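Contents: one structure, followed by commentary.
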Amino acid sequence: MSKNPHHGNMATRTEPEKCRDQDLGLFEIISRDSYARIGRLHTAHGLMTTPMLLPVVNPNIRTIEPREMWEKYGIEALITNSYVIWKHDDLRTEAKKNGIHQLIDFPGIIVTDSGTFQSYIYGDVEVGVEEIIQFQKDIGVDIGTILDVFGRPDMPFDELDKSVIETSSRAKKSLEVSGEKLLLNGPIQGGTYQELRIKSAQLMSELQGPFRGFTIHPIGGIVPLMEQQRYKELFSILIASKSSLPPDRPIHLFGCGHPLLFPLSIALGVDIFDSAAYAIFARDDRILTPTGTLKLDDLKEWPFSSNALFGTTPAQVRSMNKEEKTILLSHHNLEVTQAELARCREAIRMGTIWQLAEQRSHSSPQLREAFEWILDQLDNPEEGPIGDTILELMGSSNPIRSGGEQISEDIEFRPHILHIQALLATRWRFPGSWWNGKSGPPERVIILEGFQPPWRNSAKEKIIQLLDEIPETVILILTPLGLIPYTIEDLSPWCHLNGPNDMWNDSLFDYEVEELLSELGLSSYSYTIINKNDEDISEVKTSPEIRKWLDRCSIVDKLSILCGLHPLEGCKFTENMTSRKSSTDRMVNIFSDEKHVLSPRLTDGGISLTIDGAKKLLDLNQNPLPDFNQLPSDEIFPGIPRVRIVDDAIPFVGKGRNVMHGYILGADPHLIPGQQCIVISSSGELIAHGIAITTSLEMRYMKKGIAVKVKNGNL
Ligand code: GUN
């Protein structure tokens with residue numbers, strides 16, 4: 001296996017390993033943070049780990065040698081232009097004789113473009129649609145590109161529509177001749193019209209050749225938008241395209257290579273970038289930084305360091321001759337680009353890609369404008385495919401994560417925060433019965449203000465006193481992110497907010513308490529706010545019944561919010577529950593009828609099921625068996641999500657092996673990546689339980705990689 005410096009130190013880099021024949025062109029998701037994903041594309045010249053940048057290599061001018069990119073920078077794949085090679089007799093002859101890997105002197109993955117960009121810059125190109133595919137095939141390219149029609153943003157609708165249709169007709173012919181080994185890029189065109197991008201994405205993704213369809217979908221025609229910093233339009237067409245592209249194909253932003261745009265693009269689902277910016281900017285004495293571009297002439301010191309610039313000063317570099325300077329700055333620019341991508345990948349692993357996008361949005365007014373437009377979409381998703389995509393983005397983000405959540409002015413729009421808040425607002429109900437055994441509506445609602453987490457330490461005694469006075473009391477806590485019921489006091493993100501101390505005295509945002517109460521369905525009850533400073537605990541009560549009742553409510557609420565269990569079913573599930581507690585009085589294991597059914601997770605407040613718990617929850621889910629053709633139901637409590645696998649996989653999964661893509665018959669659409677799910681056979685029997693890695697849509701399309709990380713099998 002080649003050693004990849006993204007994941008560790010590279011001593012010497014060996015040749016790449018060819019994928020298994022059956023995996024050629026398949027993409028798998030390794031890790032995710034909403035739409036951002038760390039993926040792996042399998043090719044004949046090794047794995048492409050995404051999100052990544054394909055450095056553009058001009059076969060005539062090699063500012064940085066491709067061999068050096070492979071050995072020194074660990075670059076797995078690059079892009080060059082097959083049309084340029086085809087046009088130059090000497091390059092064409094050599095490429096045909098020895099293959100493109102030898103011509104470029106690069107052992108990794110070689111992607112080629114087709115001449116479309118040249119036709120946009122210079123007018124027509126001489127090469128034919130099938131001819132350029134045949135050429136890419138003949139010279140051993142890994143991933144080629146069809147000769148698409150570049151749709152300029154200034155073209156009228158009708159002309160762009162024609163370019164979409166013509167691109168799709170060329171795409172069909174191209175797939176016919178590409179053969180078994182050449183993978184293809186199927187670019188999406190359509191200018192700035194969302195409906196044309198959707199049409200193009202539908203047409204291109206549907207097409208199938210004799211061996212496969214397209215492997216990657218680049219979003220084309222966007223270079224002019226980036227040059228004019230029209231980022232809002234850029235992201236609007238990205239979302240439109242994404243809405244109609246299958247999730248098992250990487251998305252490439254054609255011609256985008258400025259690090260400034262990486263975090264937000266990645267957060268919206270982009271996997272691949274390409275750019276000659278590292279070399280073009282260097283030639284112009286400009287250096288790239290993650291927050292913008294700087295002129296060498298303006299610098300006294302380096303604001304961002306790199307291996308390339310280490311030990312030099314801007315004055316020394318200015319005094320170098322043109323070629324030496326260009327090479328040095330290109331190296332620096334490439335390093336900065338690679339470092340920002342590593343930062344993005346790490347942010348995906350840590351669940352902070354959205355925070356990084358937030359930070360970067362402050363680097364340019366145009367980017368900030370685009371970011372705010374996206375926040376508006378998240379806040380108020382519109383009807384139709386764009387709104388549906390935004391909802392899917394939210395729904396695919398794991399709502400709870402361990403570790404702190406950094407406060408910022410945009411925190412309330414982070415997709416995972418919106419997700420958990422939506423789950424709370426739709427699935428939380430006040431208790432079906434009170435600790436004194438009575439049922440009925442609450443007599444009062446108490447809001448605790450100014451108390452800091454962990455609330456079980458700062459507020460529990462007060463709460464017990466309040467419940468002792470009037471059992472029919474709903475206790476809420478005011479957090480900087482709004483109101484939460486006390487029963488989910490240890491749930492992330494509310495209990496793990498990092499920010500200034502005074503944020504606990506008030507909500508960060510201008511909510512009206514009435515508005516917050518109405519989100520929880522409590523607007524018709526009278527409420528009182530109790531401030532920490534007015535706290536008065538006359539006597540500390542032992543009250544075992546109240547404490548037990550609070551524990552039970554906590555489990556019922558978490559099962560409703562995180563597992564979609566109806567609160568009445570939750571009450572049945574916890575009827576005779578007992579718990580084992582830690583030395584700090586926190587529930588560690590929950591038993592029902594003497595069986596260990598689940599464990600509350602102390603790190604993020606979530607829950608982990610056991611096989612007995614899975615059995616019980618499955619019995620409570622009476623909905624039809626999941627099937628990929630079913631429409632998502634709009635039930636609020638659809639039950640524990642299930643993944644239905646083919647019978648051939650049962651012997652493996654039943655013994656605790658993970659569920660792999662390609663072996664799934666259906667999955668409940670409300671399944672949440674990162675949360676609990678149950679694996680069942682085609683006829684609905686319990687096979688295993690675990691954590692979903694992908695969404696139900698991804699489970700439908702993906703053919704490679706882990707779909708469910710199995711915790712326990714049932715065989
Ligand atoms: N490079 C930058 N934009 C484009 C595009 O729209 N199509 C192709 N083929 N290459 C590009």
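Chain labels run A, B, ... following the order of the structure tokens; each chain numbers its residues from 1, and ligands are numbered from 1 in the order shown.
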**Asked** Could you pull the residues within 12 Å of A:Asn501, counting only C-alpha atoms, minus those fewer than 3 positions along the same chain, as a PyMOL selection string?
**Response** chain A and resi 407+450-453+479-480+497-498+504-506+508
Writing out the chosen residues with all heavy atoms as a CSV table (one decimal), in the first residue's frame:
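Saved as selection.csv:
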chain,number,residue,atom,x,y,z
A,407,ILE,N,-19.2,28.7,20.7
A,407,ILE,CA,-20.2,29.7,20.4
A,407,ILE,C,-19.7,30.6,19.3
A,407,ILE,O,-18.5,31.0,19.3
A,407,ILE,CB,-20.4,30.5,21.7
A,407,ILE,CG1,-21.1,29.6,22.8
A,407,ILE,CG2,-21.2,31.8,21.5
A,407,ILE,CD1,-22.6,29.4,22.6
A,450,GLY,N,-29.9,31.3,34.2
A,450,GLY,CA,-28.7,31.6,34.9
A,450,GLY,C,-28.0,30.4,35.5
A,450,GLY,O,-26.9,30.6,36.1
A,451,PHE,N,-28.5,29.2,35.4
A,451,PHE,CA,-27.9,28.0,35.9
A,451,PHE,C,-26.9,27.5,34.9
A,451,PHE,O,-27.2,27.5,33.7
A,451,PHE,CB,-28.9,27.0,36.2
A,451,PHE,CG,-29.8,27.3,37.4
A,451,PHE,CD1,-30.8,28.2,37.3
A,451,PHE,CD2,-29.5,26.7,38.7
A,451,PHE,CE1,-31.7,28.5,38.3
A,451,PHE,CE2,-30.4,27.0,39.7
A,451,PHE,CZ,-31.4,27.9,39.6
A,452,GLN,N,-25.7,27.0,35.3
A,452,GLN,CA,-24.7,26.6,34.3
A,452,GLN,C,-24.6,25.0,34.4
A,452,GLN,O,-24.8,24.4,35.4
A,452,GLN,CB,-23.4,27.2,34.7
A,452,GLN,CG,-23.4,28.7,34.5
A,452,GLN,CD,-22.0,29.2,34.4
A,452,GLN,OE1,-21.0,28.5,34.3
A,452,GLN,NE2,-21.9,30.5,34.6
A,453,PRO,N,-24.3,24.4,33.2
A,453,PRO,CA,-24.1,23.0,33.2
A,453,PRO,C,-22.8,22.6,34.0
A,453,PRO,O,-21.9,23.4,34.2
A,453,PRO,CB,-23.9,22.7,31.7
A,453,PRO,CG,-23.5,23.9,31.1
A,453,PRO,CD,-24.0,25.1,31.9
A,479,THR,N,-31.0,28.0,27.9
A,479,THR,CA,-29.6,27.9,27.5
A,479,THR,C,-29.3,29.0,26.4
A,479,THR,O,-30.2,29.5,25.9
A,479,THR,CB,-29.3,26.5,26.9
A,479,THR,OG1,-29.7,26.5,25.5
A,479,THR,CG2,-29.9,25.4,27.6
A,480,PRO,N,-28.0,29.2,26.1
A,480,PRO,CA,-27.8,30.2,25.1
A,480,PRO,C,-28.4,29.8,23.7
A,480,PRO,O,-28.6,30.7,22.9
A,480,PRO,CB,-26.3,30.2,24.9
A,480,PRO,CG,-25.8,29.7,26.3
A,480,PRO,CD,-26.8,28.7,26.7
A,497,LEU,N,-21.5,23.8,25.6
A,497,LEU,CA,-21.2,25.1,24.9
A,497,LEU,C,-20.0,25.8,25.4
A,497,LEU,O,-19.9,26.0,26.6
A,497,LEU,CB,-22.4,26.0,24.9
A,497,LEU,CG,-23.7,25.4,24.3
A,497,LEU,CD1,-24.9,26.3,24.6
A,497,LEU,CD2,-23.5,25.3,22.8
A,498,ASN,N,-19.1,26.1,24.5
A,498,ASN,CA,-17.9,26.9,25.0
A,498,ASN,C,-18.1,28.4,24.6
A,498,ASN,O,-18.2,28.7,23.4
A,498,ASN,CB,-16.6,26.4,24.2
A,498,ASN,CG,-16.3,25.0,24.6
A,498,ASN,OD1,-16.6,24.6,25.7
A,498,ASN,ND2,-15.6,24.3,23.7
A,504,TRP,N,-24.7,32.4,30.0
A,504,TRP,CA,-25.7,31.5,30.7
A,504,TRP,C,-26.8,32.4,31.3
A,504,TRP,O,-27.8,31.8,31.7
A,504,TRP,CB,-25.0,30.7,31.7
A,504,TRP,CG,-24.1,29.7,31.1
A,504,TRP,CD1,-22.7,29.8,31.1
A,504,TRP,CD2,-24.4,28.6,30.3
A,504,TRP,NE1,-22.2,28.8,30.3
A,504,TRP,CE2,-23.2,28.0,29.9
A,504,TRP,CE3,-25.6,28.0,29.9
A,504,TRP,CZ2,-23.2,26.9,29.0
A,504,TRP,CZ3,-25.6,26.9,29.1
A,504,TRP,CH2,-24.4,26.3,28.7
A,505,ASN,N,-26.6,33.7,31.3
A,505,ASN,CA,-27.6,34.5,31.9
A,505,ASN,C,-28.8,34.8,31.0
A,505,ASN,O,-29.8,35.3,31.4
A,505,ASN,CB,-27.0,35.8,32.4
A,505,ASN,CG,-26.0,35.5,33.5
A,505,ASN,OD1,-26.2,34.5,34.2
A,505,ASN,ND2,-24.9,36.3,33.6
A,506,ASP,N,-28.6,34.6,29.8
A,506,ASP,CA,-29.6,35.0,28.8
A,506,ASP,C,-29.5,34.1,27.6
A,506,ASP,O,-28.4,33.5,27.4
A,506,ASP,CB,-29.4,36.5,28.4
A,506,ASP,CG,-30.7,37.1,28.1
A,506,ASP,OD1,-31.6,36.4,27.9
A,506,ASP,OD2,-30.7,38.4,28.0
A,508,LEU,N,-28.6,33.7,23.7
A,508,LEU,CA,-27.7,34.5,22.9
A,508,LEU,C,-28.5,35.3,21.8
A,508,LEU,O,-28.0,36.3,21.3
A,508,LEU,CB,-26.8,33.6,22.1
A,508,LEU,CG,-25.6,33.1,22.7
A,508,LEU,CD1,-24.8,32.2,21.7
A,508,LEU,CD2,-24.7,34.2,23.2
Within 12 Å of stretch 684-697 of chain A, which residues of stretch 3-113 of chain A come that close, and what is the closest atom pair and distance in Å for each? Count only C-alpha atoms and give it as CSV.
residue,atom,partner,partner_atom,distance
A:Glu28,CA,A:Thr694,CA,10.1
A:Ile29,CA,A:Thr694,CA,7.8
A:Ile30,CA,A:Ile693,CA,8.3
A:Ser31,CA,A:Ile693,CA,7.7
A:Arg32,CA,A:Ile693,CA,8.1
A:Asp33,CA,A:Ile693,CA,10.6
A:Ser34,CA,A:Thr695,CA,10.0
A:Tyr35,CA,A:Thr695,CA,10.5
A:Ala36,CA,A:Thr694,CA,11.9
A:Arg37,CA,A:Thr694,CA,10.2
A:Ile38,CA,A:Ile693,CA,11.9
A:Gly39,CA,A:Thr694,CA,11.9
**Request:** Name the residues, by chain letter and number, that sit within 7 Å of ligand 1 using only C-alpha atoms and all ligand atoms, and give them as a VMD selection string.
**Result:** chain A and resid 113 to 117 145 to 148 150 to 151 187 189 219 to 223 254 to 255
Keeping only all heavy atoms, write those residues as a short mmCIF file (atom, residue, chain, number, x, y, z; two decimals), in the first residue's frame.
data_model
loop_
_atom_site.label_atom_id
_atom_site.label_comp_id
_atom_site.auth_asym_id
_atom_site.auth_seq_id
_atom_site.Cartn_x
_atom_site.Cartn_y
_atom_site.Cartn_z
N ASP A 113 -8.69 16.50 -18.85
CA ASP A 113 -9.80 17.28 -19.39
C ASP A 113 -9.76 17.10 -20.91
O ASP A 113 -8.82 16.51 -21.47
CB ASP A 113 -9.68 18.75 -18.94
CG ASP A 113 -11.03 19.45 -18.97
OD1 ASP A 113 -11.98 18.91 -19.55
OD2 ASP A 113 -11.12 20.58 -18.42
N SER A 114 -10.78 17.68 -21.58
CA SER A 114 -11.04 17.28 -22.95
C SER A 114 -10.82 18.34 -24.03
O SER A 114 -10.94 18.04 -25.20
CB SER A 114 -12.50 16.86 -23.03
OG SER A 114 -13.28 17.96 -22.56
N GLY A 115 -10.60 19.60 -23.63
CA GLY A 115 -10.55 20.64 -24.66
C GLY A 115 -11.73 21.59 -24.57
O GLY A 115 -11.78 22.59 -25.28
N THR A 116 -12.69 21.29 -23.70
CA THR A 116 -13.86 22.16 -23.55
C THR A 116 -13.43 23.56 -23.11
O THR A 116 -13.92 24.57 -23.62
CB THR A 116 -14.83 21.57 -22.51
OG1 THR A 116 -15.29 20.33 -23.00
CG2 THR A 116 -16.00 22.49 -22.25
N PHE A 117 -12.51 23.59 -22.16
CA PHE A 117 -12.09 24.89 -21.64
C PHE A 117 -11.38 25.70 -22.73
O PHE A 117 -11.55 26.90 -22.84
CB PHE A 117 -11.21 24.70 -20.40
CG PHE A 117 -11.12 25.95 -19.57
CD1 PHE A 117 -12.25 26.44 -18.91
CD2 PHE A 117 -9.93 26.65 -19.46
CE1 PHE A 117 -12.19 27.61 -18.15
CE2 PHE A 117 -9.86 27.82 -18.71
CZ PHE A 117 -10.99 28.29 -18.05
N THR A 145 -12.49 13.02 -19.55
CA THR A 145 -13.63 13.94 -19.54
C THR A 145 -14.21 14.00 -20.95
O THR A 145 -13.46 14.00 -21.93
CB THR A 145 -13.17 15.35 -19.10
OG1 THR A 145 -12.55 15.24 -17.82
CG2 THR A 145 -14.34 16.33 -18.99
N ILE A 146 -15.53 14.09 -21.01
CA ILE A 146 -16.17 14.21 -22.32
C ILE A 146 -15.98 15.65 -22.82
O ILE A 146 -15.65 16.55 -22.05
CB ILE A 146 -17.67 13.87 -22.25
CG1 ILE A 146 -18.43 14.92 -21.41
CG2 ILE A 146 -17.89 12.48 -21.67
CD1 ILE A 146 -19.90 14.95 -21.69
N LEU A 147 -16.23 15.84 -24.10
CA LEU A 147 -16.15 17.19 -24.68
C LEU A 147 -17.51 17.86 -24.45
O LEU A 147 -18.38 17.86 -25.33
CB LEU A 147 -15.82 17.08 -26.17
CG LEU A 147 -15.42 18.37 -26.88
CD1 LEU A 147 -14.11 18.92 -26.33
CD2 LEU A 147 -15.29 18.12 -28.38
N ASP A 148 -17.69 18.39 -23.24
CA ASP A 148 -18.96 19.03 -22.90
C ASP A 148 -19.02 20.42 -23.52
O ASP A 148 -18.02 20.94 -24.02
CB ASP A 148 -19.14 19.11 -21.38
CG ASP A 148 -17.92 19.66 -20.65
OD1 ASP A 148 -16.78 19.36 -21.08
OD2 ASP A 148 -18.08 20.42 -19.68
N PHE A 150 -19.36 24.23 -22.86
CA PHE A 150 -19.18 25.17 -21.74
C PHE A 150 -20.33 26.19 -21.75
O PHE A 150 -20.46 26.99 -22.69
CB PHE A 150 -17.84 25.88 -21.90
CG PHE A 150 -17.38 26.62 -20.67
CD1 PHE A 150 -16.44 26.07 -19.81
CD2 PHE A 150 -17.89 27.88 -20.36
CE1 PHE A 150 -16.01 26.75 -18.68
CE2 PHE A 150 -17.46 28.57 -19.23
CZ PHE A 150 -16.52 28.00 -18.39
N GLY A 151 -21.17 26.16 -20.72
CA GLY A 151 -22.29 27.12 -20.64
C GLY A 151 -21.84 28.35 -19.87
O GLY A 151 -21.65 28.28 -18.66
N PRO A 187 -19.66 16.26 -16.88
CA PRO A 187 -19.87 17.62 -16.34
C PRO A 187 -21.34 18.07 -16.40
O PRO A 187 -22.09 17.69 -17.30
CB PRO A 187 -19.02 18.51 -17.25
CG PRO A 187 -18.09 17.58 -17.95
CD PRO A 187 -18.82 16.29 -18.08
N GLN A 189 -23.79 21.25 -16.74
CA GLN A 189 -23.78 22.63 -17.26
C GLN A 189 -25.13 23.29 -16.93
O GLN A 189 -25.93 22.71 -16.22
CB GLN A 189 -23.51 22.63 -18.77
CG GLN A 189 -22.12 22.08 -19.14
CD GLN A 189 -20.96 23.01 -18.75
OE1 GLN A 189 -21.16 24.18 -18.41
NE2 GLN A 189 -19.73 22.48 -18.77
N ILE A 219 -18.96 20.10 -11.74
CA ILE A 219 -19.87 21.21 -12.02
C ILE A 219 -19.08 22.14 -12.94
O ILE A 219 -18.07 22.73 -12.52
CB ILE A 219 -20.25 21.98 -10.72
CG1 ILE A 219 -20.63 21.02 -9.58
CG2 ILE A 219 -21.34 23.01 -10.99
CD1 ILE A 219 -21.93 20.31 -9.73
N GLY A 220 -19.53 22.26 -14.19
CA GLY A 220 -18.77 23.02 -15.18
C GLY A 220 -19.30 24.43 -15.36
O GLY A 220 -20.32 24.82 -14.78
N GLY A 221 -18.58 25.19 -16.17
CA GLY A 221 -19.02 26.54 -16.52
C GLY A 221 -18.98 27.55 -15.39
O GLY A 221 -19.66 28.57 -15.45
N ILE A 222 -18.18 27.28 -14.36
CA ILE A 222 -18.22 28.17 -13.18
C ILE A 222 -16.99 29.07 -13.07
O ILE A 222 -16.95 29.93 -12.19
CB ILE A 222 -18.38 27.37 -11.86
CG1 ILE A 222 -17.27 26.32 -11.73
CG2 ILE A 222 -19.76 26.74 -11.77
CD1 ILE A 222 -17.26 25.59 -10.41
N VAL A 223 -16.01 28.88 -13.95
CA VAL A 223 -14.79 29.69 -13.84
C VAL A 223 -15.11 31.20 -13.89
O VAL A 223 -14.62 31.96 -13.06
CB VAL A 223 -13.75 29.26 -14.89
CG1 VAL A 223 -12.59 30.23 -14.96
CG2 VAL A 223 -13.24 27.85 -14.57
N PHE A 254 -15.25 22.27 -11.10
CA PHE A 254 -14.29 22.40 -12.21
C PHE A 254 -13.60 23.76 -12.22
O PHE A 254 -14.27 24.80 -12.37
CB PHE A 254 -15.04 22.23 -13.54
CG PHE A 254 -14.54 21.10 -14.39
CD1 PHE A 254 -15.41 20.43 -15.25
CD2 PHE A 254 -13.21 20.69 -14.35
CE1 PHE A 254 -14.96 19.39 -16.05
CE2 PHE A 254 -12.76 19.65 -15.14
CZ PHE A 254 -13.63 19.00 -15.99
N GLY A 255 -12.29 23.78 -12.00
CA GLY A 255 -11.54 25.03 -12.09
C GLY A 255 -11.47 25.78 -10.78
O GLY A 255 -10.98 26.90 -10.74
#
**Request:** Determine which residues of stretch 284-475 of chain A DSSP labels as alpha helix (DSSP H) from the backbone of this structure, then write them out as a ChimeraX atom specification.
**Result:** /A:314-318,322-350,353-361,365-379,385-395,415-427,455-458,460-469
Proximity check stretch 356-431 of chain A to stretch 346-350 of chain A, 12 Å, nearest pairs one decimal Å, only C-alpha atoms, as JSON lines:
{"residue": "A:Leu356", "atom": "CA", "partner": "A:Ala347", "partner_atom": "CA", "distance": 7.4}
{"residue": "A:Ala357", "atom": "CA", "partner": "A:Ala347", "partner_atom": "CA", "distance": 10.0}
{"residue": "A:Ser397", "atom": "CA", "partner": "A:Ile348", "partner_atom": "CA", "distance": 11.1}
{"residue": "A:Asn398", "atom": "CA", "partner": "A:Met350", "partner_atom": "CA", "distance": 11.7}
{"residue": "A:Arg401", "atom": "CA", "partner": "A:Met350", "partner_atom": "CA", "distance": 9.0}
{"residue": "A:Ser402", "atom": "CA", "partner": "A:Met350", "partner_atom": "CA", "distance": 9.4}
{"residue": "A:Gly403", "atom": "CA", "partner": "A:Met350", "partner_atom": "CA", "distance": 8.9}
{"residue": "A:Gly404", "atom": "CA", "partner": "A:Met350", "partner_atom": "CA", "distance": 10.7}
{"residue": "A:Glu405", "atom": "CA", "partner": "A:Met350", "partner_atom": "CA", "distance": 11.1}
Selection above as a file: C-alpha atoms, as a tab-separated table (two decimals), in the first residue's frame:
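Wrote it out as again38.tsv, contents follow:
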chain	number	residue	atom	x	y	z
A	356	LEU	CA	-14.46	26.26	9.66
A	357	ALA	CA	-16.73	27.46	6.85
A	397	SER	CA	-25.82	15.50	10.12
A	398	ASN	CA	-25.34	13.65	13.37
A	401	ARG	CA	-21.38	14.93	19.14
A	402	SER	CA	-19.02	14.67	22.03
A	403	GLY	CA	-16.62	17.52	22.65
A	404	GLY	CA	-17.38	21.17	23.05
A	405	GLU	CA	-19.41	23.37	20.75
**Residues near A:Lys162, cut-off 12 Å, only C-alpha atoms, skip fewer than 3 positions along chain, as JSON, numbers by chain** = {"A": [148, 149, 150, 151, 155, 156, 157, 158, 159, 165, 166, 167, 168, 169, 189, 190, 191, 196, 199, 200]}
Just write the chosen residues, N, CA and C atoms, as a compact mmCIF listing (two decimals), in the first residue's frame.
# COMPACT_ATOMS: atom_id res chain seq x y z
N ASP A 148 -17.69 18.39 -23.24
CA ASP A 148 -18.96 19.03 -22.90
C ASP A 148 -19.02 20.42 -23.52
N VAL A 149 -20.21 21.03 -23.48
CA VAL A 149 -20.36 22.38 -24.04
C VAL A 149 -20.35 23.36 -22.87
N PHE A 150 -19.36 24.23 -22.86
CA PHE A 150 -19.18 25.17 -21.74
C PHE A 150 -20.33 26.19 -21.75
N GLY A 151 -21.17 26.16 -20.72
CA GLY A 151 -22.29 27.12 -20.64
C GLY A 151 -21.84 28.35 -19.87
N MET A 155 -24.84 33.64 -20.99
CA MET A 155 -25.65 33.16 -22.12
C MET A 155 -27.13 33.21 -21.75
N PRO A 156 -28.01 33.45 -22.76
CA PRO A 156 -29.44 33.41 -22.45
C PRO A 156 -29.91 31.99 -22.16
N PHE A 157 -31.05 31.91 -21.50
CA PHE A 157 -31.59 30.63 -21.05
C PHE A 157 -31.63 29.59 -22.18
N ASP A 158 -32.15 30.01 -23.34
CA ASP A 158 -32.34 29.03 -24.42
C ASP A 158 -31.02 28.45 -24.90
N GLU A 159 -30.03 29.31 -24.96
CA GLU A 159 -28.72 28.83 -25.41
C GLU A 159 -28.12 27.87 -24.37
N ILE A 165 -28.51 20.11 -23.34
CA ILE A 165 -28.99 18.98 -24.15
C ILE A 165 -27.85 18.42 -25.02
N GLU A 166 -27.07 19.33 -25.62
CA GLU A 166 -25.96 18.89 -26.46
C GLU A 166 -24.91 18.14 -25.62
N THR A 167 -24.64 18.65 -24.40
CA THR A 167 -23.68 17.96 -23.52
C THR A 167 -24.18 16.55 -23.22
N SER A 168 -25.47 16.42 -22.98
CA SER A 168 -26.00 15.10 -22.64
C SER A 168 -25.94 14.16 -23.86
N SER A 169 -26.17 14.73 -25.06
CA SER A 169 -26.10 13.86 -26.23
C SER A 169 -24.65 13.42 -26.50
N GLN A 189 -23.79 21.25 -16.74
CA GLN A 189 -23.78 22.63 -17.26
C GLN A 189 -25.13 23.29 -16.93
N GLY A 190 -25.35 24.48 -17.44
CA GLY A 190 -26.65 25.14 -17.19
C GLY A 190 -26.54 26.56 -16.66
N GLY A 191 -25.33 27.13 -16.71
CA GLY A 191 -25.17 28.53 -16.30
C GLY A 191 -25.63 28.74 -14.88
N LEU A 196 -31.91 24.56 -14.91
CA LEU A 196 -31.08 23.92 -15.94
C LEU A 196 -30.01 23.03 -15.30
N LYS A 199 -31.81 19.93 -14.45
CA LYS A 199 -32.05 19.14 -15.67
C LYS A 199 -30.76 18.44 -16.10
N SER A 200 -29.67 19.20 -16.12
CA SER A 200 -28.40 18.65 -16.55
C SER A 200 -27.97 17.50 -15.63
**Message:** Just list as a PyMOL selection string whatever in stretch 323-441 of chain A DSSP marks as strand (DSSP E or B).
**Reply:** chain A and resi 405-406+433+439
**Request:** Skip A:Asp21 itself and residues of its chain fewer than 3 positions away, then list as a ChimeraX atom specification all residues within 9 Å of it, counting only C-alpha atoms.
**Result:** /A:18,24,43-44
Give me a file of those residues, with N, CA, C and O atoms, as a CSV table (one decimal), in the first residue's frame.
chain,number,residue,atom,x,y,z
A,18,LYS,N,-3.2,-1.1,-7.5
A,18,LYS,CA,-4.3,-1.2,-8.4
A,18,LYS,C,-5.5,-1.7,-7.6
A,18,LYS,O,-5.4,-2.6,-6.7
A,24,LEU,N,-13.4,-1.0,-9.5
A,24,LEU,CA,-13.0,0.1,-10.4
A,24,LEU,C,-14.1,1.2,-10.5
A,24,LEU,O,-15.2,0.9,-10.9
A,43,THR,N,-9.4,3.2,-8.1
A,43,THR,CA,-8.9,3.3,-9.5
A,43,THR,C,-7.8,2.3,-9.7
A,43,THR,O,-7.2,1.8,-8.8
A,44,ALA,N,-7.4,2.2,-11.0
A,44,ALA,CA,-6.3,1.3,-11.4
A,44,ALA,C,-5.0,1.9,-10.9
A,44,ALA,O,-4.0,1.2,-10.9
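Residue nearest A:Gly705 within the list A:Gly437, A:Val643, A:Lys181, A:Tyr663: A:Tyr663 [criterion: smallest interatomic distance, only C-alpha atoms].
Those residues that approach A:Ile607 to within 8 Å, counting only C-alpha atoms, are Lys558, Leu598, Ser599, Pro600 and Arg601 of chain A; same-chain residues fewer than 5 positions away are not listed.
Closest approach to A:Pro385 among A:Ile216, A:Val556, A:Leu568, A:Ile239 is made by A:Ile239 (distances from only C-alpha atoms).
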